[in-house]
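J.: Once you've had a glance at the structure underneath, I'll fire off some questions.
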Amino acid sequence: MFKTVEKLIKYPRLTQEYPKKALDPSLFVGRPEVDQDKCSGCGVCMGHCPSGAIKSDTGSAKITIDYDKCIFCALCEELCPANAVGMTHDFELARKDRKSLNSRAFTVNEDSIPAISEDELETRLKKRVSKLFGRSLQIREVDAGSCNGCDYEINALSNPFNDIERLGIHFVASPRHADMLLVTGPVSRNMEEALIKTYNAAPDPKLVVAAGACACSGGIFKDCYAAGKGIDSVVPVDVYIPGCPPRPQAILYGILKALDKV
Amino acid sequence: MFEDGLKKFTDIFAAHINNRTLPGKNECCLEADPLYIREICTYINRDMGHQLISMFASDERKLAAGKYVIYYAFADRAEGRLLTVKTLHGEENMTFHSICSTVHAAALYEREIQDMFGLVPLDHPDPRRLVFHSNWPEGRFPLRKDFDGKSKPEKAKVEMQFKKVEGYGVYEIPVGPVHAGIIEPGHFRFSVAGEPIINLEAQLYFVHKGIEKMCEGETVEKCLFVSERISGDETIANSLAFCQAIEKMAGIEAPARARYTRVVFAELERLTSHLGDLTGICQDTAYGFAAYQFNMLRGWSYNVADELCGMRFLRNVNKPGGVRKEFISGSETRVLELLGRIRAEIKDTVDIINANSLFIDRVENTGVLSTEAAQDLNIVGPAGRASGVRHDTRKTFPYAAYGELDFMVPEHNNGDVNCRMNVKIEECLESIDLICKAINSMPEGRLFETLPDIKPYSHAFGMTEAPRGENVHWVMMGEAGRIFRYKIRTPSFCDWPAVCLAVRGNIVPDFPLINKSFNLSYAGNDL
């Protein structure tokens with residue numbers, strides 16, 4: 001008993017105050033960025049990218065990176081002959097619109113991205129919804145075929161450092177109790193039905209957040225015969241969180257974005 | 001001795017084996033007559049005491065063999081040697097003799113071969129679908145070369161059956177695939193009478209994506225990144241096994257500094273994983289205080305990971321030939337300081353939980369896995385070591401710098417949750433010591449060897465000790481530096497049957513605790 005009390009005194013509080021206080025990201029491996037001034041358009045990075053996230057605009061021959069597919073392997077940084085690609089420390093990458101994760105004006109492959117207008121996105125995340133969930137959000141997490149890296153990071157949201165419950169956010173056991181579905185994985189063939197049933201079981205209004213490169217776009221597994229190209233082909237998605245896996249704080253950023261809090 | 005035992009074996013079966021090759025110092029490979037494979041494998045397993053560590057097929061119809069090939073990989077753990085037996089099967093006869101009535105560890109491998117290739121194991125006691133659920137159409141075999149890996153076959157509705165337990169008062173509890181916590185999906189069918197579990201059947205492969213097929217025809221570079229993502233928290237173990245297989249085929253060895261760096265990362269991965277397991281065990285006994293203490297320590301070991309490479313799951317570290325860049329230099333003091341703190345806290349917290357009789361009551365004699373079952377099914381890793389199976393790949397098949405470093409492998413015998421937990425606690429402390437030793441004796445030098453071209457159709461094993469146990473990868477190169485066949489066998493594949501055995505006789509509320517004490521990877525099993 002004494003030892004327990006001793007520890008409680010020794011470590012009274014470990015919780016970081018993110019997002020109220022910014023983190024020191026100097027050690028983090030964040031998103032890759034192309035310095036267009038240095039880039040010669042040689043395309044070496046494009047040929048080697050394991051998840052096909054690097055695109056080239058046919059007109060201007062500019063190289064850009066799709067963050068919904070990027071697996072943050074840093075191979076582009078390693079291979080670039082002109083040192084034009086560098087891994088930044090940016091980890092707050094979540095976006096509501098999947099297109100905005102892709103290269104600014106240079107999206108090449110549009111067929112796999114659902115055509116949702118800006119208006120519809122706005123209607124979905126009306127003020128009323130964020131008022132409903134703003135103070136208390138119940139999340140049901142679903143692993144739809146991931147490698148479990150993203151799930152571990154979601155688990156880490158409940159650890160003493162992140163303590164997601166201080167923001168009124170709580171993980172629940174049943175989709176019936178859920179306000180939000182936090183989904184990882186590219187939707188493997190055998191999980192498709194389970195994901196759809198879970199989505200249908202969650203009562204309206206609800207939000208869906210795709211966590212990780214696999215959930216956004218299929219990641220490195222999109223060409224597998226038993227994997228999908230991201231969860232938006234199965235359920236409608238409100239926020240996409242890039243990363244492989246995204247840090248707990250990046251996931252938190254994405255969840256708060258769905259609530260219009262960041 | 002290997003040579004003597006092998007000589008006796010080759011004498012007895014002289015009429016049925018041929019084409020003996022010695023691909024490495026401690027490796028032997030030979031071809032056997034498929035009609036006698038049962039006798040041959042039984043002899044190797046029972047009389048020679050070799051364990052079946054992997055079994056897989058390969059579609060080599062377009063290669064020199066001209067047929068499907070089934071590989072049986074046996075390991076002589078006492079001497080650190082591998083014996084691979086292969087059999088050829090033509091398209092005209094898509095069957096093979098099942099060996100699992102005597103070599104019990106073969107049961108799931110044979111069902112996997114059936115699903116992936118259409119080679120049917122004759123006399124298999126349980127020939128149901130393993131990998132595919134009811135939505136997969138009949139007659140489609142993904143690992144055959146004529147199956148287009150990018151195609152996504154139409155949905156079907158094939159009947160699936162679970163084992164039924166009959167009796168008065170016996171009922172079934174289905175759990176999953178979506179589980180109550182934040183965990184991977186899997187379906188469990190309990191047959192219970194009151195609280196005690198009579199039988200548990202696990203239906204896995206919900207996370208099956210088809211990784212092995214996807215890697216075929218891909219570059220070594222891309223497959224490295226795929227291997228890192230087989231199972232989220234076994235990044236180093238899997239990528240290292242892949243790299244080692246590639247390095248073996250290329251005939252190169254990673255430089256000393258790279259090998260020591262690999263030890264640091266592999267042990268850091270082991271430490272993080274075990275701290276997570278300890279968190280889980282305490283959480284499932286409702287011991288919140290201890291659970292959060294271990295969670296705090298796990299968070300600190302993530303800080304060590306950030307300090308070394310900026311990626312909490314240690315990605316972007318390995319590459320065939322060595323490591324990708326300098327990770328250790330400049331961070332030594334900070335890392336050793338963090339590890340010292342973690343070590344002291346682990347000892348303190350373990351003292352606290354061991355003094356709590358409620359906790360000990362929950363974990364002692366719960367989920368017992370007998371030594372006999374553990375040896376029979378080739379249960380690897382901490383689960384095996386807690387049940388008396390003395391085996392650690394780092395000692396039997398030393399790799400990276402483990403041969404040059406001194407460390408202890410824990411041994412316990414009771415096979416219950418308490419033993420598995422103690423094995424993990426002791427391994428945590430050993431891991432911290434190993435990291436410190438590796439950092440303190442880190443040699444200077446290059447970080448990688450350049451990879452030369454690899455001869456097409458050469459093949460090799462890469463074996464590592466993942467946090468969950470023995471990890472065996474087999475790679476066969478194809479033309480132009482692309483992979484022909486990549487067989488991944490993670491420790492979770494071997495150990496899942498152990499969970500189903502260990503829960504028998506225990507009450508249903510103890511199931512999460514027993515499951516967490518094994519903490520197997522669904523993704524590592526399902527691929």
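Residue numbering restarts at 1 for every chain of the structure tokens, chains are lettered A, B, ... in their displayed order, and ligands are numbered from 1 as they appear.
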Would you kindly return, as a list in words, each protein, DNA or RNA residue with an atom no farther than 8 Å from any atom of Ser51 (chain A), considering only C-alpha atoms and excluding same-chain residues fewer than 4 positions away?

T.: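 These residues fall inside the cut-off: Lys69, Cys70, Ile71, Gly219, Ile220 and Phe221 of chain A.
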
J.: Please produce a file of the residues just selected, as a short mmCIF file (atom, residue, chain, number, x, y, z; two decimals), in the first residue's frame, where the atoms kept are N, CA, C and O atoms.

T.:
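Resulting contents of part-v1.cif:
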```cif
data_model
loop_
_atom_site.label_atom_id
_atom_site.label_comp_id
_atom_site.auth_asym_id
_atom_site.auth_seq_id
_atom_site.Cartn_x
_atom_site.Cartn_y
_atom_site.Cartn_z
N LYS A 69 -2.19 8.53 -49.35
CA LYS A 69 -1.58 7.24 -49.71
C LYS A 69 -0.19 7.08 -49.07
O LYS A 69 0.31 5.97 -48.97
N CYS A 70 0.42 8.17 -48.68
CA CYS A 70 1.79 8.14 -48.18
C CYS A 70 1.93 7.26 -46.95
O CYS A 70 1.10 7.33 -46.03
N ILE A 71 2.95 6.40 -46.95
CA ILE A 71 3.18 5.56 -45.77
C ILE A 71 4.39 6.03 -44.96
O ILE A 71 4.85 5.35 -44.06
N GLY A 219 -3.60 2.35 -48.59
CA GLY A 219 -2.19 2.37 -48.21
C GLY A 219 -1.33 1.51 -49.13
O GLY A 219 -1.49 1.51 -50.33
N ILE A 220 -0.46 0.74 -48.54
CA ILE A 220 0.44 -0.09 -49.33
C ILE A 220 -0.25 -1.39 -49.74
O ILE A 220 0.26 -2.15 -50.56
N PHE A 221 -1.46 -1.63 -49.20
CA PHE A 221 -2.15 -2.90 -49.47
C PHE A 221 -3.23 -2.79 -50.53
O PHE A 221 -3.97 -3.74 -50.76
#
```

J.: Compute the chain A side of the contact with chain B at 6 Å, counting only C-alpha atoms, and hand it back as a list in words.

T.: Leu27, Phe28, Val29, Pro50, Cys73, Asp143, Gly145, Cys147, Asn148, Gly149, Ala173, Ser188, Asn190, Met191, Asp223, Cys224, Tyr225, Ala226 and Ala227 of chain A

J.: May I have the residues within 7 Å of region 12-25 of chain A as a ChimeraX atom specification, using only C-alpha atoms and disregarding those fewer than 2 positions away in the same chain?

T.: /A:8-10,27-28,89,160-163

J.: For N, CA, C and O atoms, I'd like the residues from the last selection saved as a compact mmCIF listing (two decimals), in the first residue's frame.

T.:
```
# COMPACT_ATOMS: atom_id res chain seq x y z
N LEU A 8 2.09 7.24 -6.50
CA LEU A 8 1.12 8.27 -6.83
C LEU A 8 1.69 9.66 -6.59
O LEU A 8 1.40 10.61 -7.30
N ILE A 9 2.51 9.75 -5.55
CA ILE A 9 3.13 11.05 -5.25
C ILE A 9 4.25 11.35 -6.25
O ILE A 9 4.42 12.49 -6.70
N LYS A 10 5.00 10.29 -6.62
CA LYS A 10 6.14 10.50 -7.52
C LYS A 10 5.68 10.94 -8.91
O LYS A 10 6.29 11.76 -9.57
N LEU A 27 11.43 15.62 -32.83
CA LEU A 27 11.90 14.25 -33.05
C LEU A 27 10.99 13.48 -34.00
O LEU A 27 11.35 12.41 -34.48
N PHE A 28 9.80 14.04 -34.29
CA PHE A 28 8.82 13.26 -35.05
C PHE A 28 9.18 13.18 -36.54
O PHE A 28 9.66 14.14 -37.12
N HIS A 89 8.33 17.83 -39.81
CA HIS A 89 7.87 17.32 -38.52
C HIS A 89 6.36 17.50 -38.39
O HIS A 89 5.81 17.35 -37.31
N PRO A 160 -1.73 7.50 -19.88
CA PRO A 160 -1.66 8.68 -19.02
C PRO A 160 -1.14 9.94 -19.73
O PRO A 160 -1.40 11.05 -19.27
N PHE A 161 -0.41 9.78 -20.83
CA PHE A 161 0.17 10.96 -21.50
C PHE A 161 -0.86 11.70 -22.33
O PHE A 161 -0.82 12.92 -22.45
N ASN A 162 -1.77 10.97 -22.97
CA ASN A 162 -2.74 11.60 -23.84
C ASN A 162 -4.09 11.78 -23.17
O ASN A 162 -4.74 12.80 -23.34
N ASP A 163 -4.53 10.78 -22.44
CA ASP A 163 -5.77 10.84 -21.67
C ASP A 163 -6.90 11.53 -22.41
O ASP A 163 -7.28 12.66 -22.10
```

J.: Excluding Gly139 (chain B) and residues on its chain fewer than 6 positions from it, collect all residues at most 10 Å away from it, counting only C-alpha atoms, and give them as a PyMOL selection string.

T.: chain B and resi 115-118

J.: Tell me which protein, DNA and RNA residues are within 6 Å of Ala254 (chain B), counting only C-alpha atoms, leaving out same-chain ones fewer than 2 positions away, and put them as a ChimeraX atom specification.

T.: /B:321-322,448-449

J.: Tell me which of B:Gly49, B:Ile113, B:Leu82, B:Tyr399 sits closest to Tyr68 (chain B), counting only C-alpha atoms.

T.: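 Under the stated criterion, the closest residue is B:Ile113.
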
J.: Show me, as a ChimeraX atom specification, the residues that have an atom within 10 Å of Asp433 (chain B) when counting only C-alpha atoms, minus same-chain residues fewer than 2 positions from it.

T.: /B:267,336,339-340,343,406-407,427-431,435-439

J.: Suppose we keep N, CA and C atoms; can you now write the selection as a PDB file, in the first residue's frame?

T.:
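The resulting file, selection_6.pdb, is reproduced below:
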```pdb
ATOM      1  N   GLU B 267      15.463  -5.240 -29.533  1.00  0.00           N
ATOM      2  CA  GLU B 267      15.185  -5.357 -28.104  1.00  0.00           C
ATOM      3  C   GLU B 267      14.246  -4.252 -27.631  1.00  0.00           C
ATOM      4  N   LEU B 336      20.237   5.803 -22.608  1.00  0.00           N
ATOM      5  CA  LEU B 336      20.629   5.006 -21.443  1.00  0.00           C
ATOM      6  C   LEU B 336      19.968   5.538 -20.184  1.00  0.00           C
ATOM      7  N   LEU B 339      16.310   4.433 -20.259  1.00  0.00           N
ATOM      8  CA  LEU B 339      16.199   2.995 -19.992  1.00  0.00           C
ATOM      9  C   LEU B 339      16.445   2.689 -18.525  1.00  0.00           C
ATOM     10  N   GLY B 340      17.384   3.431 -17.911  1.00  0.00           N
ATOM     11  CA  GLY B 340      17.642   3.231 -16.486  1.00  0.00           C
ATOM     12  C   GLY B 340      16.397   3.517 -15.658  1.00  0.00           C
ATOM     13  N   ARG B 343      13.868   0.702 -16.161  1.00  0.00           N
ATOM     14  CA  ARG B 343      14.265  -0.507 -15.445  1.00  0.00           C
ATOM     15  C   ARG B 343      13.900  -0.420 -13.959  1.00  0.00           C
ATOM     16  N   ASP B 406      25.995 -11.341 -24.388  1.00  0.00           N
ATOM     17  CA  ASP B 406      25.636 -12.302 -23.357  1.00  0.00           C
ATOM     18  C   ASP B 406      24.264 -11.947 -22.783  1.00  0.00           C
ATOM     19  N   PHE B 407      23.318 -12.877 -22.803  1.00  0.00           N
ATOM     20  CA  PHE B 407      22.033 -12.599 -22.186  1.00  0.00           C
ATOM     21  C   PHE B 407      21.374 -13.894 -21.765  1.00  0.00           C
ATOM     22  N   GLU B 427      12.084 -10.956 -19.473  1.00  0.00           N
ATOM     23  CA  GLU B 427      12.614 -10.581 -20.783  1.00  0.00           C
ATOM     24  C   GLU B 427      12.741  -9.069 -20.918  1.00  0.00           C
ATOM     25  N   CYS B 428      11.824  -8.328 -20.295  1.00  0.00           N
ATOM     26  CA  CYS B 428      11.930  -6.859 -20.328  1.00  0.00           C
ATOM     27  C   CYS B 428      13.250  -6.414 -19.737  1.00  0.00           C
ATOM     28  N   LEU B 429      13.567  -6.962 -18.567  1.00  0.00           N
ATOM     29  CA  LEU B 429      14.801  -6.560 -17.901  1.00  0.00           C
ATOM     30  C   LEU B 429      16.016  -6.980 -18.721  1.00  0.00           C
ATOM     31  N   GLU B 430      15.978  -8.195 -19.284  1.00  0.00           N
ATOM     32  CA  GLU B 430      17.088  -8.628 -20.135  1.00  0.00           C
ATOM     33  C   GLU B 430      17.233  -7.736 -21.359  1.00  0.00           C
ATOM     34  N   SER B 431      16.068  -7.327 -21.932  1.00  0.00           N
ATOM     35  CA  SER B 431      16.119  -6.474 -23.122  1.00  0.00           C
ATOM     36  C   SER B 431      16.795  -5.158 -22.815  1.00  0.00           C
ATOM     37  N   ILE B 435      20.144  -3.825 -24.605  1.00  0.00           N
ATOM     38  CA  ILE B 435      20.277  -2.559 -25.325  1.00  0.00           C
ATOM     39  C   ILE B 435      21.474  -1.792 -24.776  1.00  0.00           C
ATOM     40  N   CYS B 436      21.603  -1.766 -23.445  1.00  0.00           N
ATOM     41  CA  CYS B 436      22.734  -1.035 -22.847  1.00  0.00           C
ATOM     42  C   CYS B 436      24.059  -1.642 -23.280  1.00  0.00           C
ATOM     43  N   LYS B 437      24.115  -2.982 -23.268  1.00  0.00           N
ATOM     44  CA  LYS B 437      25.369  -3.638 -23.696  1.00  0.00           C
ATOM     45  C   LYS B 437      25.675  -3.310 -25.140  1.00  0.00           C
ATOM     46  N   ALA B 438      24.646  -3.376 -25.981  1.00  0.00           N
ATOM     47  CA  ALA B 438      24.869  -3.129 -27.403  1.00  0.00           C
ATOM     48  C   ALA B 438      25.317  -1.699 -27.641  1.00  0.00           C
ATOM     49  N   ILE B 439      24.704  -0.752 -26.936  1.00  0.00           N
ATOM     50  CA  ILE B 439      25.104   0.641 -27.124  1.00  0.00           C
ATOM     51  C   ILE B 439      26.528   0.861 -26.606  1.00  0.00           C
TER      52      ILE B 439
END
```
